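Undergrad: Structure incoming, see below.
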Amino acid sequence: MKFKNIPDTLKPRERLINYGAEHISDDELLSIILKTGTKDKNVKELALDILSQYKEITKLKNIKYQQLITIPGIGKAKASEIIATIELGRRIFQKTTEEQLIECTSVKNIVDHFGYLFKDKKQEEFYVIYLDNKKRYIAKKLLFIGSINYSIAHPREIFKEAYLLSASSIICIHNHPSGDVTPSRADDLITNKIKEIGLLHEIHLIDHLIIGKNNYYSYFDNNKI
């Protein structure tokens, strides 16, 4: 059936308006994002084609642009709109859950919460979590990408952001793509330098975490901070 021949009361956009987004089906939500179908399929059929490739709607969160454009009827524009919508939802959810993180005082809680940042990363990434004077989350910043050493992970950038955010303490997190979380000499050097500068500026380094594959290393837990 051509989409224009579907009664207005059954069209996805009208159903969303009349009943609310939470009461319409997955394919109807996707139809609204897609907007139009093709000459061979209406927009609802096109949405069902995409969903049929995944057993669960939650698996769409990992779909890639390159996968989408292989589906007949999905070009650059539609693929980009789907990816952008999924990413927007991910950021909204991420921001909401991070704002609910009351205190960053549990190492496991921090790893569970921010470990996703390093999933499937092929090179080192260095994040700093900024906290207020009650160790409550303010923001996170990706400051460096590449092998960690003093010339790359310069404390100047770390503390510049801390001042801009009025942070009272920080937690550093970076990954070892090899999976081995044993600290390197460079890790030890940069940790000690950040700690020393933090003491001078009264912005304390609470922990430096190294994330591996299903494991982690905490300088705090190992009494090295």
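Every chain in the structure tokens has a letter given in the order shown (A, B, ...), and although residue numbers restart at 1 in each chain, ligands are simply numbered from 1 in the order shown.
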Enumerate the residues of range 113-186 of chain A with a DSSP assignment of alpha helix (DSSP H), computed from the backbone, and present them as a VMD selection string.
TA: chain A and resid 113 to 114 155 to 165 185 to 186
Undergrad: Using only C-alpha atoms, which of A:Ile82, A:Ile71, A:Ile63, A:Ala167 sits nearest Leu30 in chain A?
TA: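 Once distances to Leu30 in chain A are computed over only C-alpha atoms, the minimum belongs to A:Ile82.
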Undergrad: Could you produce a table of the residues of range 73-175 of chain A lying within 8 Å of range 32-56 of chain A, with the nearest pair of atoms per residue and their separation in Å rounded to one decimal, using only C-alpha atoms, ordered by chain and increasing residue number, as a tab-separated table?
TA:
```
residue	atom	partner	partner_atom	distance
A:Gly73	CA	A:Thr38	CA	6.1
A:Lys78	CA	A:Leu34	CA	6.0
A:Glu81	CA	A:Ile33	CA	7.0
A:Ile82	CA	A:Ile33	CA	6.8
A:Thr85	CA	A:Ile33	CA	8.0
```
Undergrad: Could the residues in this selection be saved with C-alpha atoms as an mmCIF file, in the first residue's frame?
TA:
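Listed below is the output, again_7.cif:
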```
data_model
loop_
_atom_site.group_PDB
_atom_site.id
_atom_site.type_symbol
_atom_site.label_atom_id
_atom_site.label_comp_id
_atom_site.auth_asym_id
_atom_site.auth_seq_id
_atom_site.Cartn_x
_atom_site.Cartn_y
_atom_site.Cartn_z
ATOM 1 C CA GLY A 73 16.607 2.549 0.005
ATOM 2 C CA LYS A 78 18.784 8.789 5.704
ATOM 3 C CA GLU A 81 19.777 11.102 10.121
ATOM 4 C CA ILE A 82 19.501 7.707 11.821
ATOM 5 C CA THR A 85 19.318 10.513 16.153
#
```
